[in-house]
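Data file: structure_13.txt. Format and content: compact mmCIF, C-alpha atoms.
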# COMPACT_ATOMS: atom_id res chain seq x y z
CA MET N 1 -23.20 1.45 12.40
CA SER N 2 -19.94 3.17 11.37
CA PHE N 3 -18.30 5.90 13.41
CA TYR N 4 -18.27 9.44 12.02
CA LEU N 5 -15.01 11.25 12.72
CA SER N 6 -14.33 14.84 13.69
CA ASP N 7 -12.34 17.03 11.31
CA THR N 8 -10.20 18.35 14.15
CA TYR N 9 -9.92 15.69 16.87
CA ILE N 10 -7.73 12.86 15.55
CA TYR N 11 -8.82 9.40 16.68
CA PHE N 12 -10.19 6.11 15.35
CA PRO N 13 -12.42 3.45 16.87
CA HIS N 14 -10.68 0.20 17.68
CA PRO N 15 -10.38 -2.10 14.62
CA SER N 16 -12.22 -4.83 16.55
CA VAL N 17 -15.51 -2.97 15.95
CA VAL N 18 -15.14 -3.04 12.16
CA ARG N 19 -18.20 -4.03 10.14
CA HIS N 20 -18.29 -7.21 8.07
CA SER N 21 -17.73 -5.07 4.95
CA GLY N 22 -14.45 -3.80 6.39
CA LEU N 23 -15.76 -0.25 6.81
CA LEU N 24 -14.62 1.20 10.14
CA ALA N 25 -15.42 4.91 10.06
CA ALA N 26 -16.31 7.89 7.88
CA GLY N 27 -15.38 11.56 7.84
CA GLY N 28 -12.34 13.41 9.07
CA SER N 29 -9.48 14.79 7.02
CA LEU N 30 -6.44 13.41 5.21
CA SER N 31 -3.94 15.21 7.40
CA THR N 32 -0.54 13.55 7.73
CA GLU N 33 -1.12 13.06 11.46
CA ARG N 34 -4.39 11.23 10.87
CA LEU N 35 -2.96 9.10 8.06
CA ILE N 36 0.05 8.03 10.12
CA LEU N 37 -2.22 7.10 13.04
CA ALA N 38 -4.51 5.20 10.68
CA TYR N 39 -1.79 3.13 9.03
CA THR N 40 -0.14 2.38 12.36
CA PHE N 41 -3.26 0.34 13.16
CA GLY N 42 -3.89 -0.97 9.63
CA ILE N 43 -6.62 1.52 8.71
CA PHE N 44 -6.65 3.11 5.26
CA PRO N 45 -8.82 5.58 3.29
CA TRP N 46 -10.74 4.51 0.20
CA TYR N 47 -13.60 6.59 -1.13
CA ASN N 48 -15.03 8.42 -4.13
CA ALA N 49 -14.23 12.06 -4.83
CA HIS N 50 -16.72 14.62 -3.47
CA GLU N 51 -17.85 12.17 -0.77
CA PRO N 52 -16.84 11.85 2.90
CA VAL N 53 -13.58 9.97 3.50
CA LEU N 54 -14.25 6.31 4.25
CA TRP N 55 -11.80 4.42 6.48
CA TRP N 56 -11.39 0.66 6.11
CA CYS N 57 -9.81 -2.17 8.09
CA PRO N 58 -10.81 -5.52 6.50
CA ASP N 59 -10.86 -8.73 8.51
CA PRO N 60 -9.47 -11.15 7.38
CA ARG N 61 -6.55 -9.27 5.83
CA PHE N 62 -4.82 -10.04 2.55
CA VAL N 63 -1.04 -9.83 2.94
CA ILE N 64 2.29 -11.02 1.58
CA PHE N 65 5.16 -11.98 3.85
CA PRO N 66 8.33 -10.74 2.11
CA SER N 67 10.10 -14.08 2.59
CA ARG N 68 7.22 -15.91 0.87
CA VAL N 69 6.92 -13.80 -2.28
CA LYS N 70 6.61 -15.97 -5.38
CA ILE N 71 8.33 -15.30 -8.69
CA PRO N 72 6.08 -16.67 -11.46
CA LYS N 73 7.86 -18.56 -14.24
CA SER N 74 6.74 -15.90 -16.70
CA ILE N 75 8.72 -13.27 -14.73
CA ARG N 76 11.93 -15.20 -14.01
CA SER N 77 13.33 -14.53 -17.46
CA TYR N 78 12.84 -10.80 -16.91
CA PHE N 79 15.18 -10.98 -13.92
CA ASN N 80 17.64 -13.31 -15.64
CA GLN N 81 17.84 -10.94 -18.59
CA GLY N 82 17.81 -7.76 -16.53
CA LYS N 83 14.94 -6.55 -18.69
CA TYR N 84 14.05 -3.70 -16.35
CA ARG N 85 15.87 -1.73 -13.68
CA VAL N 86 14.36 -0.51 -10.43
CA THR N 87 14.82 2.64 -8.37
CA TYR N 88 13.20 3.76 -5.14
CA ASN N 89 11.77 7.15 -4.17
CA THR N 90 13.15 9.04 -7.15
CA HIS N 91 9.88 9.97 -8.91
CA PHE N 92 7.12 9.61 -6.33
CA GLU N 93 4.70 12.09 -7.90
CA SER N 94 5.12 10.55 -11.35
CA VAL N 95 4.31 7.11 -9.94
CA ILE N 96 1.18 8.20 -8.10
CA ARG N 97 0.04 10.17 -11.15
CA PHE N 98 0.43 7.13 -13.40
CA CYS N 99 -1.48 5.04 -10.83
CA GLN N 100 -4.19 7.69 -10.99
CA LEU N 101 -4.39 7.90 -14.78
CA VAL N 102 -3.57 4.48 -16.26
CA PRO N 103 -6.87 2.66 -17.03
CA ARG N 104 -7.57 -0.65 -15.29
CA ARG N 105 -9.59 -3.56 -16.59
CA ASP N 106 -13.14 -3.70 -15.20
CA GLN N 107 -12.74 -0.35 -13.41
CA ASP N 108 -14.55 2.86 -14.31
CA GLY N 109 -12.51 5.80 -13.06
CA THR N 110 -10.13 5.94 -10.11
CA TRP N 111 -10.29 6.42 -6.35
CA ILE N 112 -6.98 8.33 -6.43
CA ASN N 113 -8.39 11.86 -6.41
CA GLU N 114 -6.45 15.10 -6.05
CA ASP N 115 -6.82 15.13 -2.26
CA ILE N 116 -5.29 11.65 -2.12
CA VAL N 117 -2.42 12.71 -4.39
CA SER N 118 -1.64 15.78 -2.27
CA ALA N 119 -1.90 13.86 1.01
CA TYR N 120 0.45 11.07 -0.06
CA ILE N 121 2.97 13.47 -1.54
CA ARG N 122 3.09 15.10 1.92
CA LEU N 123 3.59 11.65 3.48
CA HIS N 124 6.39 10.99 1.01
CA GLU N 125 8.10 14.25 1.94
CA MET N 126 8.01 13.06 5.57
CA GLY N 127 9.51 9.67 4.61
CA HIS N 128 6.31 7.69 5.25
CA ALA N 129 5.35 7.00 1.62
CA TRP N 130 7.64 5.20 -0.78
CA SER N 131 7.61 4.75 -4.52
CA VAL N 132 9.12 2.03 -6.68
CA GLU N 133 10.04 3.03 -10.22
CA VAL N 134 10.55 0.42 -12.95
CA TRP N 135 12.52 1.61 -15.98
CA LYS N 136 13.05 0.45 -19.53
CA GLY N 137 16.02 2.51 -20.57
CA ASP N 138 15.23 6.08 -19.52
CA GLU N 139 11.45 5.67 -19.64
CA LEU N 140 9.12 4.64 -16.81
CA ALA N 141 7.66 1.23 -17.56
CA GLY N 142 5.72 0.73 -14.33
CA GLY N 143 5.78 1.29 -10.61
CA LEU N 144 3.95 1.25 -7.32
CA TYR N 145 3.66 3.23 -4.11
CA GLY N 146 2.69 2.61 -0.52
CA VAL N 147 3.01 3.74 3.07
CA VAL N 148 5.78 2.67 5.44
CA ILE N 149 5.30 2.52 9.20
CA GLY N 150 8.25 0.96 10.98
CA LYS N 151 8.85 -2.40 9.31
CA VAL N 152 5.47 -2.78 7.58
CA PHE N 153 4.80 -1.71 3.99
CA PHE N 154 1.18 -0.89 3.18
CA GLY N 155 0.74 -1.22 -0.58
CA GLU N 156 -1.58 1.30 -2.21
CA SER N 157 -1.51 1.10 -6.00
CA MET N 158 0.60 0.05 -8.99
CA PHE N 159 0.67 0.53 -12.73
CA SER N 160 2.27 -1.00 -15.82
CA LEU N 161 2.99 0.60 -19.17
CA LEU N 162 4.95 -2.43 -20.43
CA PRO N 163 4.33 -6.15 -19.82
CA ASN N 164 4.90 -7.34 -16.24
CA ALA N 165 6.63 -4.10 -15.21
CA SER N 166 4.64 -3.70 -12.00
CA LYS N 167 5.22 -7.37 -11.06
CA PHE N 168 8.94 -6.83 -11.62
CA GLY N 169 8.81 -3.81 -9.33
CA PHE N 170 6.75 -5.55 -6.65
CA ILE N 171 9.01 -8.61 -6.51
CA SER N 172 12.10 -6.38 -6.39
CA LEU N 173 10.53 -4.42 -3.52
CA ALA N 174 9.62 -7.60 -1.62
CA GLN N 175 13.21 -8.85 -1.89
CA LYS N 176 14.51 -5.51 -0.63
CA LEU N 177 12.03 -5.48 2.27
CA GLU N 178 13.03 -9.01 3.25
CA SER N 179 16.71 -8.04 3.35
CA ASP N 180 15.80 -4.97 5.43
CA GLY N 181 13.92 -7.06 8.01
CA PHE N 182 10.38 -5.98 7.18
CA LEU N 183 7.61 -7.97 8.82
CA LEU N 184 4.83 -7.70 6.29
CA ILE N 185 3.44 -6.26 3.06
CA ASP N 186 -0.21 -5.31 3.51
CA CYS N 187 -2.18 -5.76 0.27
CA GLN N 188 -5.52 -4.67 1.81
CA GLN N 189 -7.77 -6.51 -0.67
CA PRO N 190 -7.27 -9.75 -2.66
CA ASN N 191 -6.96 -10.03 -6.40
CA PRO N 192 -5.58 -12.74 -8.74
CA TYR N 193 -2.56 -10.57 -9.56
CA LEU N 194 -1.39 -10.46 -5.94
CA GLN N 195 -2.39 -14.07 -5.29
CA SER N 196 0.03 -15.11 -8.04
CA LEU N 197 2.81 -13.34 -6.11
CA GLY N 198 2.14 -15.14 -2.84
CA GLY N 199 -0.76 -13.22 -1.31
CA GLU N 200 -2.63 -14.93 1.50
CA PHE N 201 -5.32 -14.19 4.06
CA ILE N 202 -4.55 -13.86 7.75
CA SER N 203 -7.03 -13.13 10.52
CA GLY N 204 -7.54 -9.61 11.78
CA LYS N 205 -6.25 -10.79 15.15
CA GLU N 206 -2.97 -12.02 13.65
CA PHE N 207 -2.66 -8.87 11.55
CA GLN N 208 -3.13 -6.59 14.56
CA GLY N 209 -0.63 -8.69 16.52
CA ILE N 210 2.01 -8.07 13.84
CA LEU N 211 1.22 -4.35 13.93
CA ARG N 212 1.59 -4.27 17.72
CA ARG N 213 4.98 -5.98 17.38
CA ASN N 214 5.88 -3.42 14.72
CA ILE N 215 4.96 -0.54 17.05
CA LEU N 216 7.00 -2.02 19.89
CA GLU N 217 10.08 -2.64 17.73
CA ASN N 218 9.79 0.83 16.20
CA VAL N 219 9.73 2.43 19.66
CA LEU N 220 12.66 0.35 20.95
CA GLN N 221 14.81 1.34 17.95
CA ARG N 222 14.47 5.06 18.64
Using the file provided, produce a representation of the structure as structure tokens.
Amino acid sequence: MSFYLSDTYIYFPHPSVVRHSGLLAAGGSLSTERLILAYTFGIFPWYNAHEPVLWWCPDPRFVIFPSRVKIPKSIRSYFNQGKYRVTYNTHFESVIRFCQLVPRRDQDGTWINEDIVSAYIRLHEMGHAWSVEVWKGDELAGGLYGVVIGKVFFGESMFSLLPNASKFGFISLAQKLESDGFLLIDCQQPNPYLQSLGGEFISGKEFQGILRRNILENVLQR
């Protein structure tokens, strides 16, 4: 049985009580305070519009360690030739809008509804949501966005308008995160795309241990 959350009192059940499906709780709002608390413990919202918010915390967890990111042979030439250029946090709303609107194979519609867009723009304004923009000349070719808590990046969505643009952006981000001392990129759910970039499963126990270390290091740095 999942927990149903209050709209006003901000809390979550412990991730150890998560169901086999990964569903932890339902209800509540997408306030910035609730979202920051959720991501701090690896919990994220994923639900259909006009339905209660569903909060997930899968176990095992699909992640990429920045130092282990793989550059497929098909992408290496893009870097060697400087085919694209990458910026960070310059067009957050454009990136999330493209993630919302660009069709995906085998998917009917999108989970990125207007409440999600508004909530993550607020997180971005607070410095907790980042965007990666991939450019071909002066035009956006792809990008991705996610949430940052301390030294963990929680990936949310990506898009490509030109071949391999999102992979180019993801690999560039992973290299930046490694140089900045980030502990982990959380991918939430597996797919072949992320597996090709070095995605792997870790246990929920190991994942929560990394998050606890992240909380401790974040506090000590203040």
Please report as CSV every residue of stretch 40-94 of chain N lying within 10 Å of stretch 176-184 of chain N, along with the nearest atom pair and their distance in Å (one decimal), using all atoms listed in the file.
residue,atom,partner,partner_atom,distance
N:Val63,CA,N:Leu184,CA,7.1
N:Ile64,CA,N:Leu184,CA,6.3
N:Phe65,CA,N:Leu184,CA,4.9
N:Pro66,CA,N:Glu178,CA,5.1
N:Ser67,CA,N:Glu178,CA,5.9
N:Arg68,CA,N:Glu178,CA,9.3
N:Val69,CA,N:Glu178,CA,9.5
Per-residue nearest contacts of stretch 36-59 of chain N to stretch 195-206 of chain N (12 Å; all atoms listed in the file) as a Markdown table:
| residue | atom | partner | partner_atom | distance |
| --- | --- | --- | --- | --- |
| N:Phe41 | CA | N:Gly204 | CA | 10.9 |
| N:Gly42 | CA | N:Gly204 | CA | 9.6 |
| N:Ile43 | CA | N:Gly204 | CA | 11.6 |
| N:Cys57 | CA | N:Gly204 | CA | 8.6 |
| N:Pro58 | CA | N:Gly204 | CA | 7.4 |
| N:Asp59 | CA | N:Gly204 | CA | 4.7 |
Which of these, N:Pro60, N:Gly169, N:Pro103, N:Pro163, has the shortest distance to N:Ser131 once you count only C-alpha atoms?
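Among the listed residues, N:Gly169 lies closest to N:Ser131.
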Give me the residues near N:Lys136 as a ChimeraX atom specification, where near means some atom within 7 Å (using only C-alpha atoms) and where sequence neighbours in that chain fewer than 4 positions away do not count. /N:84-85,140-141
- Task: Point out the residue among N:Phe168, N:Arg34, N:Val152, N:His14 with the least atom-to-atom distance to N:Tyr78, counting all atoms listed in the file.
- Result: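 For N:Tyr78, the nearest of the candidates is N:Phe168.
Candidate residues N:Cys99, N:Ile171, N:Val148, N:Val132 were compared for distance to N:Pro72, and the nearest is N:Ile171, using all atoms listed in the file.
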